[in-house]
>>> print(open('my_file_4.cif').read())   # mmCIF, C-alpha atoms
data_run
#
loop_
_atom_site.group_PDB
_atom_site.id
_atom_site.type_symbol
_atom_site.label_atom_id
_atom_site.label_comp_id
_atom_site.auth_asym_id
_atom_site.auth_seq_id
_atom_site.Cartn_x
_atom_site.Cartn_y
_atom_site.Cartn_z
ATOM 1 C CA MET Q 1 93.445 88.900 104.974
ATOM 2 C CA ALA Q 2 93.892 85.357 103.728
ATOM 3 C CA THR Q 3 94.802 81.818 104.584
ATOM 4 C CA PRO Q 4 98.435 81.249 103.532
ATOM 5 C CA LEU Q 5 98.935 79.347 100.303
ATOM 6 C CA THR Q 6 100.104 75.768 100.495
ATOM 7 C CA PRO Q 7 103.759 75.282 99.410
ATOM 8 C CA ASP Q 8 102.585 73.670 96.162
ATOM 9 C CA ALA Q 9 100.243 76.577 95.444
ATOM 10 C CA LEU Q 10 103.067 79.024 96.139
ATOM 11 C CA VAL Q 11 105.344 77.291 93.633
ATOM 12 C CA ARG Q 12 102.585 77.281 91.003
ATOM 13 C CA ALA Q 13 101.939 80.988 91.548
ATOM 14 C CA LEU Q 14 105.645 81.823 91.290
ATOM 15 C CA ARG Q 15 106.133 79.787 88.137
ATOM 16 C CA GLY Q 16 102.999 81.269 86.614
ATOM 17 C CA GLU Q 17 104.523 84.711 87.102
ATOM 18 C CA GLY Q 18 107.822 83.653 85.537
ATOM 19 C CA VAL Q 19 109.921 83.529 88.724
ATOM 20 C CA ARG Q 20 113.066 81.395 88.493
ATOM 21 C CA THR Q 21 113.183 79.351 91.702
ATOM 22 C CA ARG Q 22 115.561 76.958 93.414
ATOM 23 C CA GLU Q 23 114.295 74.748 96.254
ATOM 24 C CA HIS Q 24 116.564 73.935 99.193
ATOM 25 C CA GLY Q 25 116.210 70.839 101.360
ATOM 26 C CA ASP Q 26 113.078 70.570 103.463
ATOM 27 C CA TRP Q 27 112.006 74.171 102.818
ATOM 28 C CA ARG Q 28 108.317 73.215 102.694
ATOM 29 C CA THR Q 29 108.298 72.220 106.381
ATOM 30 C CA HIS Q 30 111.187 74.362 107.681
ATOM 31 C CA ASN Q 31 109.538 77.105 109.761
ATOM 32 C CA ARG Q 32 108.902 78.583 113.206
ATOM 33 C CA ASN Q 33 105.247 77.541 113.408
ATOM 34 C CA HIS Q 34 105.818 76.038 116.867
ATOM 35 C CA MET Q 35 106.185 79.613 118.156
ATOM 36 C CA GLY Q 36 102.627 80.522 117.165
ATOM 37 C CA PRO Q 37 100.188 80.481 114.261
ATOM 38 C CA TRP Q 38 101.073 81.711 110.805
ATOM 39 C CA GLY Q 39 98.156 83.559 109.293
ATOM 40 C CA PRO Q 40 95.853 84.995 108.395
ATOM 41 C CA VAL Q 41 98.321 86.777 106.135
ATOM 42 C CA HIS Q 42 97.862 90.295 104.846
ATOM 43 C CA GLY Q 43 100.789 91.006 102.553
ATOM 44 C CA VAL Q 44 104.403 90.642 101.456
ATOM 45 C CA MET Q 45 107.313 92.165 103.403
ATOM 46 C CA LEU Q 46 110.649 92.854 101.696
ATOM 47 C CA HIS Q 47 114.087 93.057 103.342
ATOM 48 C CA HIS Q 48 117.742 93.363 102.374
ATOM 49 C CA THR Q 49 120.355 91.083 103.897
ATOM 50 C CA ALA Q 50 123.005 93.732 104.709
ATOM 51 C CA GLY Q 51 125.564 91.150 103.594
ATOM 52 C CA ARG Q 52 126.770 88.812 100.880
ATOM 53 C CA ASP Q 53 126.536 85.036 100.448
ATOM 54 C CA SER Q 54 123.507 84.992 102.733
ATOM 55 C CA LEU Q 55 121.851 81.717 101.752
ATOM 56 C CA ALA Q 56 123.075 79.643 104.715
ATOM 57 C CA LEU Q 57 122.303 82.494 107.112
ATOM 58 C CA CYS Q 58 118.752 82.870 105.796
ATOM 59 C CA ARG Q 59 118.143 79.146 106.173
ATOM 60 C CA ARG Q 60 119.813 78.495 109.522
ATOM 61 C CA GLY Q 61 119.604 81.861 111.251
ATOM 62 C CA MET Q 62 121.862 82.985 114.102
ATOM 63 C CA PRO Q 63 122.318 81.883 117.721
ATOM 64 C CA ASP Q 64 120.029 84.662 118.945
ATOM 65 C CA LEU Q 65 117.623 84.482 115.966
ATOM 66 C CA PRO Q 66 116.916 80.919 114.739
ATOM 67 C CA GLY Q 67 116.125 80.325 111.085
ATOM 68 C CA PRO Q 68 114.551 80.368 108.727
ATOM 69 C CA LEU Q 69 114.816 84.137 108.454
ATOM 70 C CA CYS Q 70 112.562 84.316 105.382
ATOM 71 C CA ILE Q 71 110.646 82.238 102.869
ATOM 72 C CA GLY Q 72 113.108 83.010 100.125
ATOM 73 C CA LEU Q 73 116.304 84.845 99.254
ATOM 74 C CA ILE Q 74 116.625 86.721 95.960
ATOM 75 C CA THR Q 75 120.242 86.665 94.821
ATOM 76 C CA LYS Q 76 121.888 89.099 92.422
ATOM 77 C CA ASP Q 77 121.228 86.884 89.404
ATOM 78 C CA GLY Q 78 117.472 87.029 90.025
ATOM 79 C CA THR Q 79 117.080 83.496 91.408
ATOM 80 C CA LEU Q 80 114.607 83.055 94.242
ATOM 81 C CA HIS Q 81 116.028 80.492 96.676
ATOM 82 C CA LEU Q 82 113.241 78.914 98.743
ATOM 83 C CA VAL Q 83 114.597 78.156 102.228
ATOM 84 C CA GLY Q 84 111.521 77.951 104.484
ATOM 85 C CA TYR Q 85 107.766 78.122 104.472
ATOM 86 C CA GLY Q 86 105.425 79.270 107.184
ATOM 87 C CA ARG Q 87 106.202 81.501 110.122
ATOM 88 C CA THR Q 88 109.768 82.810 109.721
ATOM 89 C CA ASN Q 89 111.898 85.194 111.803
ATOM 90 C CA HIS Q 90 111.811 88.090 109.372
ATOM 91 C CA ALA Q 91 109.545 90.885 110.561
ATOM 92 C CA GLY Q 92 109.435 91.022 114.344
ATOM 93 C CA SER Q 93 107.112 93.488 116.019
ATOM 94 C CA GLY Q 94 105.763 96.472 114.159
ATOM 95 C CA SER Q 95 103.077 99.080 113.784
ATOM 96 C CA THR Q 96 99.378 98.392 114.238
ATOM 97 C CA ALA Q 97 98.628 101.415 112.033
ATOM 98 C CA VAL Q 98 100.734 99.938 109.220
ATOM 99 C CA LEU Q 99 99.002 96.564 109.496
ATOM 100 C CA ASP Q 100 95.603 98.275 109.372
ATOM 101 C CA ALA Q 101 96.653 100.196 106.242
ATOM 102 C CA VAL Q 102 97.800 97.007 104.515
ATOM 103 C CA ARG Q 103 94.591 95.196 105.486
ATOM 104 C CA THR Q 104 92.483 97.920 103.889
ATOM 105 C CA ALA Q 105 94.828 98.639 100.924
ATOM 106 C CA LYS Q 106 95.209 102.260 102.048
ATOM 107 C CA SER Q 107 98.253 104.551 102.078
ATOM 108 C CA LEU Q 108 100.820 103.759 104.735
ATOM 109 C CA PRO Q 109 101.439 106.203 107.576
ATOM 110 C CA SER Q 110 104.339 108.600 106.944
ATOM 111 C CA ARG Q 111 106.143 106.962 109.859
ATOM 112 C CA PRO Q 112 105.435 103.613 111.560
ATOM 113 C CA GLY Q 113 103.816 103.675 114.967
ATOM 114 C CA PRO Q 114 105.299 101.905 117.996
ATOM 115 C CA ASP Q 115 106.045 98.184 117.802
ATOM 116 C CA ALA Q 116 102.880 96.457 118.972
ATOM 117 C CA VAL Q 117 101.988 93.526 116.703
ATOM 118 C CA ASP Q 118 103.832 90.392 115.514
ATOM 119 C CA GLY Q 119 104.608 90.670 111.808
ATOM 120 C CA ASN Q 120 106.040 87.148 111.557
ATOM 121 C CA ALA Q 121 102.489 85.820 111.804
ATOM 122 C CA ARG Q 122 101.000 88.224 109.265
ATOM 123 C CA PHE Q 123 103.364 88.545 106.290
ATOM 124 C CA TYR Q 124 105.220 86.510 103.718
ATOM 125 C CA GLY Q 125 108.874 87.537 104.161
ATOM 126 C CA PHE Q 126 111.610 87.725 101.502
ATOM 127 C CA GLU Q 127 115.267 88.764 101.753
ATOM 128 C CA ILE Q 128 117.086 90.504 98.899
ATOM 129 C CA GLU Q 129 120.853 90.085 98.831
ATOM 130 C CA ASN Q 130 122.363 93.562 99.126
ATOM 131 C CA LEU Q 131 124.774 95.348 101.461
ATOM 132 C CA GLY Q 132 122.219 98.092 102.057
ATOM 133 C CA THR Q 133 124.851 100.834 101.996
ATOM 134 C CA GLY Q 134 123.381 102.763 99.104
ATOM 135 C CA HIS Q 135 126.470 101.906 97.018
ATOM 136 C CA ASP Q 136 125.637 98.261 96.267
ATOM 137 C CA PRO Q 137 123.465 98.132 93.131
ATOM 138 C CA TYR Q 138 120.385 95.968 92.699
ATOM 139 C CA PRO Q 139 120.738 94.361 89.237
ATOM 140 C CA ALA Q 140 117.740 94.534 86.934
ATOM 141 C CA ALA Q 141 117.269 90.748 87.129
ATOM 142 C CA GLN Q 142 117.073 90.904 90.915
ATOM 143 C CA LEU Q 143 114.488 93.693 90.956
ATOM 144 C CA ASP Q 144 112.501 91.918 88.247
ATOM 145 C CA THR Q 145 112.232 88.862 90.504
ATOM 146 C CA VAL Q 146 111.189 91.013 93.474
ATOM 147 C CA GLU Q 147 108.429 92.471 91.288
ATOM 148 C CA ARG Q 148 107.310 89.103 89.953
ATOM 149 C CA LEU Q 149 107.230 87.227 93.267
ATOM 150 C CA SER Q 150 105.342 90.088 94.906
ATOM 151 C CA ALA Q 151 102.828 90.125 92.063
ATOM 152 C CA ALA Q 152 102.502 86.332 92.196
ATOM 153 C CA LEU Q 153 101.376 86.410 95.829
ATOM 154 C CA CYS Q 154 99.157 89.452 95.315
ATOM 155 C CA ARG Q 155 97.520 87.824 92.305
ATOM 156 C CA ALA Q 156 96.975 84.548 94.147
ATOM 157 C CA HIS Q 157 95.294 86.300 97.066
ATOM 158 C CA GLY Q 158 93.478 89.027 95.126
ATOM 159 C CA TRP Q 159 95.593 91.760 96.741
ATOM 160 C CA THR Q 160 96.853 94.999 95.200
ATOM 161 C CA GLY Q 161 100.338 96.488 95.087
ATOM 162 C CA ALA Q 162 99.496 98.205 98.388
ATOM 163 C CA SER Q 163 99.938 94.815 100.064
ATOM 164 C CA VAL Q 164 103.711 94.914 99.447
ATOM 165 C CA ILE Q 165 105.677 96.739 102.141
ATOM 166 C CA ALA Q 166 109.243 97.201 103.361
ATOM 167 C CA HIS Q 167 110.675 96.281 106.738
ATOM 168 C CA LYS Q 168 111.527 99.979 107.125
ATOM 169 C CA GLU Q 169 107.825 100.806 106.690
ATOM 170 C CA TRP Q 170 106.833 98.259 109.351
ATOM 171 C CA THR Q 171 109.022 99.429 112.231
ATOM 172 C CA ARG Q 172 111.214 102.390 113.167
ATOM 173 C CA ARG Q 173 114.037 99.947 113.976
ATOM 174 C CA LYS Q 174 114.896 99.098 110.370
ATOM 175 C CA ILE Q 175 116.097 100.754 107.157
ATOM 176 C CA ASP Q 176 115.643 97.929 104.656
ATOM 177 C CA PRO Q 177 115.358 97.496 101.787
ATOM 178 C CA SER Q 178 117.442 100.345 100.413
ATOM 179 C CA PHE Q 179 115.365 101.068 97.325
ATOM 180 C CA SER Q 180 112.198 103.056 96.710
ATOM 181 C CA MET Q 181 109.116 101.164 97.808
ATOM 182 C CA PRO Q 182 106.665 103.481 96.008
ATOM 183 C CA VAL Q 183 108.518 102.655 92.777
ATOM 184 C CA MET Q 184 108.415 98.908 93.505
ATOM 185 C CA ARG Q 185 104.722 99.029 94.441
ATOM 186 C CA GLY Q 186 104.089 100.823 91.145
ATOM 187 C CA ARG Q 187 105.872 98.057 89.258
ATOM 188 C CA VAL Q 188 103.825 95.404 91.043
ATOM 189 C CA ALA Q 189 100.593 97.294 90.377
ATOM 190 C CA ARG Q 190 101.384 97.555 86.667
ATOM 191 C CA ARG Q 191 102.161 93.848 86.479
ATOM 192 C CA LEU Q 192 98.892 93.010 88.226
ATOM 193 C CA GLY Q 193 97.092 94.952 85.535
ATOM 194 C CA SER Q 194 97.936 92.188 83.051
ATOM 195 C CA ALA Q 195 97.713 88.410 82.880
ATOM 196 C CA PRO Q 196 100.728 86.517 84.301
ATOM 197 C CA SER Q 197 103.592 86.642 81.816
ATOM 198 C CA GLY Q 198 105.373 83.430 82.760
ATOM 199 C CA GLY Q 199 102.984 81.051 81.092
ATOM 200 C CA GLY Q 200 103.673 81.764 77.455
ATOM 201 C CA SER Q 201 100.641 83.851 76.594
ATOM 202 C CA GLY Q 202 101.978 84.469 73.077
ATOM 203 C CA GLY Q 203 100.388 87.911 73.029
ATOM 204 C CA ARG Q 204 96.853 86.681 73.658
ATOM 205 C CA THR Q 205 94.512 88.754 75.775
ATOM 206 C CA TYR Q 206 92.223 87.340 78.430
ATOM 207 C CA GLU Q 207 88.703 88.024 79.585
ATOM 208 C CA PRO Q 208 88.585 90.490 82.497
ATOM 209 C CA PHE Q 209 87.001 89.298 85.725
ATOM 210 C CA PRO Q 210 83.249 89.999 85.433
ATOM 211 C CA GLY Q 211 82.674 89.857 89.205
ATOM 212 C CA ALA Q 212 81.418 87.009 91.374
ATOM 213 C CA PRO Q 213 77.692 87.944 91.014
ATOM 214 C CA PHE Q 214 77.939 87.229 87.267
ATOM 215 C CA PHE Q 215 78.236 83.508 88.036
ATOM 216 C CA ALA Q 216 74.725 82.904 89.325
ATOM 217 C CA VAL Q 217 73.273 79.511 88.405
ATOM 218 C CA GLY Q 218 71.157 80.012 85.281
ATOM 219 C CA ARG Q 219 73.311 82.828 83.821
ATOM 220 C CA ARG Q 220 73.449 82.468 80.023
ATOM 221 C CA SER Q 221 76.525 83.775 78.251
ATOM 222 C CA ALA Q 222 79.173 82.670 75.771
ATOM 223 C CA LEU Q 223 81.653 83.460 78.540
ATOM 224 C CA CYS Q 224 80.246 80.523 80.541
ATOM 225 C CA THR Q 225 81.140 78.171 77.698
ATOM 226 C CA ALA Q 226 84.635 79.650 77.437
ATOM 227 C CA VAL Q 227 85.204 79.211 81.174
ATOM 228 C CA GLY Q 228 84.022 75.614 81.002
ATOM 229 C CA ARG Q 229 86.388 74.829 78.153
ATOM 230 C CA ARG Q 230 89.327 76.229 80.112
ATOM 231 C CA LEU Q 231 88.329 74.142 83.156
ATOM 232 C CA VAL Q 232 88.230 71.013 80.988
ATOM 233 C CA ALA Q 233 91.668 71.908 79.591
ATOM 234 C CA GLU Q 234 92.992 72.169 83.154
ATOM 235 C CA GLY Q 235 91.608 68.737 84.020
ATOM 236 C CA CYS Q 236 88.960 70.219 86.303
ATOM 237 C CA GLY Q 237 85.835 69.612 84.198
ATOM 238 C CA ARG Q 238 83.032 67.893 86.088
ATOM 239 C CA TYR Q 239 80.643 67.718 83.127
ATOM 240 C CA GLU Q 240 78.581 64.820 81.816
ATOM 241 C CA VAL Q 241 77.404 67.034 78.954
ATOM 242 C CA GLY Q 242 78.857 70.357 77.933
ATOM 243 C CA PRO Q 243 80.109 72.788 78.961
ATOM 244 C CA GLY Q 244 77.381 75.017 77.640
ATOM 245 C CA PRO Q 245 76.342 78.658 77.713
ATOM 246 C CA VAL Q 246 74.298 78.377 80.937
ATOM 247 C CA TRP Q 247 76.178 78.525 84.259
ATOM 248 C CA SER Q 248 75.151 75.378 86.123
ATOM 249 C CA GLU Q 249 75.930 73.377 89.232
ATOM 250 C CA ALA Q 250 78.338 71.353 87.068
ATOM 251 C CA ASP Q 251 80.173 74.576 86.208
ATOM 252 C CA ARG Q 252 80.358 75.462 89.866
ATOM 253 C CA ALA Q 253 81.705 72.002 90.753
ATOM 254 C CA SER Q 254 84.282 72.336 87.987
ATOM 255 C CA TYR Q 255 85.382 75.728 89.240
ATOM 256 C CA ALA Q 256 85.621 74.365 92.786
ATOM 257 C CA ALA Q 257 87.992 71.702 91.433
ATOM 258 C CA TRP Q 258 90.083 74.504 89.882
ATOM 259 C CA GLN Q 259 90.193 76.390 93.181
ATOM 260 C CA TYR Q 260 91.248 73.205 94.939
ATOM 261 C CA LYS Q 261 93.988 72.693 92.347
ATOM 262 C CA LEU Q 262 95.296 76.185 93.167
ATOM 263 C CA GLY Q 263 95.526 75.282 96.847
ATOM 264 C CA TYR Q 264 92.266 76.736 98.169
ATOM 265 C CA ARG Q 265 90.435 74.725 100.790
ATOM 266 C CA GLY Q 266 87.123 74.834 102.661
ATOM 267 C CA ALA Q 267 84.943 77.863 102.005
ATOM 268 C CA ALA Q 268 87.628 79.292 99.705
ATOM 269 C CA ALA Q 269 86.938 76.416 97.264
ATOM 270 C CA ASP Q 270 83.201 77.046 96.929
ATOM 271 C CA GLY Q 271 83.047 77.167 93.132
ATOM 272 C CA ILE Q 272 82.348 80.910 93.009
ATOM 273 C CA PRO Q 273 85.037 82.656 90.937
ATOM 274 C CA GLY Q 274 87.162 85.294 92.631
ATOM 275 C CA ARG Q 275 89.613 87.637 90.974
ATOM 276 C CA ALA Q 276 92.766 85.732 91.987
ATOM 277 C CA SER Q 277 91.615 82.329 90.740
ATOM 278 C CA TRP Q 278 90.093 83.941 87.635
ATOM 279 C CA ASP Q 279 93.372 85.596 86.691
ATOM 280 C CA ARG Q 280 95.120 82.245 87.044
ATOM 281 C CA LEU Q 281 92.581 80.488 84.775
ATOM 282 C CA ARG Q 282 93.283 82.843 81.829
ATOM 283 C CA VAL Q 283 90.099 82.603 79.798
ATOM 284 C CA PRO Q 284 91.015 83.748 76.249
ATOM 285 C CA ARG Q 285 89.128 86.763 74.976
ATOM 286 C CA SER Q 286 87.098 85.790 71.933
#
>>> encode(input="my_file_4.cif", output="structure tokens")
Amino acid sequence: MATPLTPDALVRALRGEGVRTREHGDWRTHNRNHMGPWGPVHGVMLHHTAGRDSLALCRRGMPDLPGPLCIGLITKDGTLHLVGYGRTNHAGSGSTAVLDAVRTAKSLPSRPGPDAVDGNARFYGFEIENLGTGHDPYPAAQLDTVERLSAALCRAHGWTGASVIAHKEWTRRKIDPSFSMPVMRGRVARRLGSAPSGGGSGGRTYEPFPGAPFFAVGRRSALCTAVGRRLVAEGCGRYEVGPGPVWSEADRASYAAWQYKLGYRGAAADGIPGRASWDRLRVPRS
């Protein structure tokens, strides 16, 4: 459960994960939010288009289903085309049991329950260009982008691979996408086990998240100095002196500035590190 990312934070997360994107028109404000709230969000839902050359359709929709029909379309070459942002007409109604499983990162039911809850308000939606016949291949570049964009959103929100589901897992009405979701969730989970690969890590390893309780004011550790140096490098340092080895209110203010830079607001930008923001900071392991 999370507040949706801002459009800028989404783009940063995608680029940090190495996703090649193309932005179309007023995608940042093109949505169906007037039909109801978008969020809190709980996961990523994947679809296939059941057609070719689907960009205009995804953006504009159809007479009986106005666009946008997704946040982005992944074409065969692996480009993610951003066409809308916010509530989009992608999911429709689906299973309460499935939503509960995604919320708690548990295994999905073997079959979705009856349609009872609005998925447009609860999921980021992405279309994958494919005929869906079982005879139209998904190129490696296309599946790589599906993996990366899913991991980008999971990493930003602190979710696991269990937060990525298919339309066919949401409702009995649908069969998309026509590839194995357990395999895709496994790919996302493996990617989440490492630092984002799109930022040119050069083979460096990063400090694992020590947990929020580690960052109590007064904590003394060389890790505190390393975090402070990374915050200064990101332009988020709020130090008059330092940073030093003792976690201080200045460290907390600096980390709050980092959270704000990532798109967090209100209580989510409280200066207490969480796993998602920590993974994005990439503190080098000494």
>>> closest_residue(input="my_file_4.cif", among="Q:Glu129, Q:Asp26, Q:Asp100, Q:Asp115", to="Leu57 of chain Q", atoms="only C-alpha atoms")
Q:Glu129
>>> resolve_selection(input="my_file_4.cif", expression="the PyMOL selection byres ((chain Q and resi 120) around 8)", output="ChimeraX atom specification")
/Q:38,87-93,118-119,121-125
>>> axis_aligned_box(input="my_file_4.cif", around="segment 145-152 of chain Q", padding_each_side="8 Å", output="AutoDock Vina command-line options")
--center_x 107.4 --center_y 89.4 --center_z 92.4 --size_x 25.7 --size_y 22.1 --size_z 21.0
>>> resolve_selection(input="my_file_4.cif", expression="the PyMOL selection byres ((chain Q and resi 82) around 7)", output="list of chain:residue names")
Q:Arg22, Q:Glu23, Q:His24, Q:Trp27, Q:Ile71, Q:Gly72, Q:Leu73, Q:Leu80, Q:His81, Q:Val83, Q:Gly84
>>> resolve_selection(input="my_file_4.cif", expression="the PyMOL selection byres ((chain Q and resi 176) around 6)", output="ChimeraX atom specification")
/Q:47-48,167-168,174-175,177-178
>>> closest_residue(input="my_file_4.cif", among="Q:Cys58, Q:Leu5, Q:Leu69, Q:Val246", to="Gln259 of chain Q", atoms="only C-alpha atoms")
Q:Leu5
>>> residues_around(input="my_file_4.cif", residues="Leu223 of chain Q", least_positions_apart="5", cutoff="12 Å", atoms="all atoms listed in the file", output="PyMOL selection string")
chain Q and resi 206-210+214-215+228-230+243-247+251+283-286
>>> atom_distance(input="my_file_4.cif", atom1="atom CA of Arg280 of chain Q", atom2="atom CA of Ala156 of chain Q")
7.7 Å
>>> decode(input="my_file_4.cif", residues="segment 215-229 of chain Q", atoms="N, CA, C and O atoms", output="compact mmCIF listing (two decimals), in the first residue's frame")
# COMPACT_ATOMS: atom_id res chain seq x y z
N PHE Q 215 18.93 3.80 12.50
CA PHE Q 215 19.17 5.23 12.35
C PHE Q 215 18.53 6.04 13.49
O PHE Q 215 17.80 7.01 13.27
N ALA Q 216 18.80 5.64 14.70
CA ALA Q 216 18.39 6.40 15.87
C ALA Q 216 19.41 7.52 16.11
O ALA Q 216 20.62 7.32 15.93
N VAL Q 217 18.92 8.71 16.46
CA VAL Q 217 19.82 9.82 16.74
C VAL Q 217 20.80 9.42 17.84
O VAL Q 217 20.38 8.89 18.88
N GLY Q 218 22.08 9.62 17.60
CA GLY Q 218 23.12 9.23 18.54
C GLY Q 218 23.85 7.97 18.14
O GLY Q 218 24.90 7.64 18.72
N ARG Q 219 23.33 7.24 17.10
CA ARG Q 219 24.01 6.02 16.64
C ARG Q 219 25.39 6.39 16.08
O ARG Q 219 25.52 7.31 15.28
N ARG Q 220 26.42 5.68 16.51
CA ARG Q 220 27.78 5.93 16.03
C ARG Q 220 28.20 4.77 15.13
O ARG Q 220 28.20 3.61 15.56
N SER Q 221 28.58 5.09 13.91
CA SER Q 221 29.01 4.06 12.98
C SER Q 221 29.66 4.72 11.76
O SER Q 221 29.26 5.82 11.36
N ALA Q 222 30.64 4.04 11.19
CA ALA Q 222 31.24 4.54 9.94
C ALA Q 222 30.21 4.59 8.82
O ALA Q 222 30.33 5.39 7.89
N LEU Q 223 29.18 3.77 8.93
CA LEU Q 223 28.11 3.78 7.92
C LEU Q 223 27.39 5.13 7.90
O LEU Q 223 26.99 5.60 6.84
N CYS Q 224 27.25 5.76 9.07
CA CYS Q 224 26.61 7.08 9.13
C CYS Q 224 27.39 8.10 8.31
O CYS Q 224 26.80 8.92 7.58
N THR Q 225 28.70 8.05 8.41
CA THR Q 225 29.53 8.96 7.62
C THR Q 225 29.36 8.69 6.14
O THR Q 225 29.23 9.62 5.33
N ALA Q 226 29.34 7.41 5.76
CA ALA Q 226 29.20 7.05 4.35
C ALA Q 226 27.87 7.51 3.78
O ALA Q 226 27.79 8.00 2.65
N VAL Q 227 26.81 7.38 4.58
CA VAL Q 227 25.49 7.84 4.14
C VAL Q 227 25.51 9.35 3.94
O VAL Q 227 25.03 9.87 2.93
N GLY Q 228 26.09 10.05 4.91
CA GLY Q 228 26.16 11.51 4.80
C GLY Q 228 26.91 11.97 3.57
O GLY Q 228 26.50 12.93 2.90
N ARG Q 229 27.98 11.29 3.24
CA ARG Q 229 28.75 11.67 2.05
C ARG Q 229 27.94 11.46 0.78
O ARG Q 229 28.02 12.26 -0.16
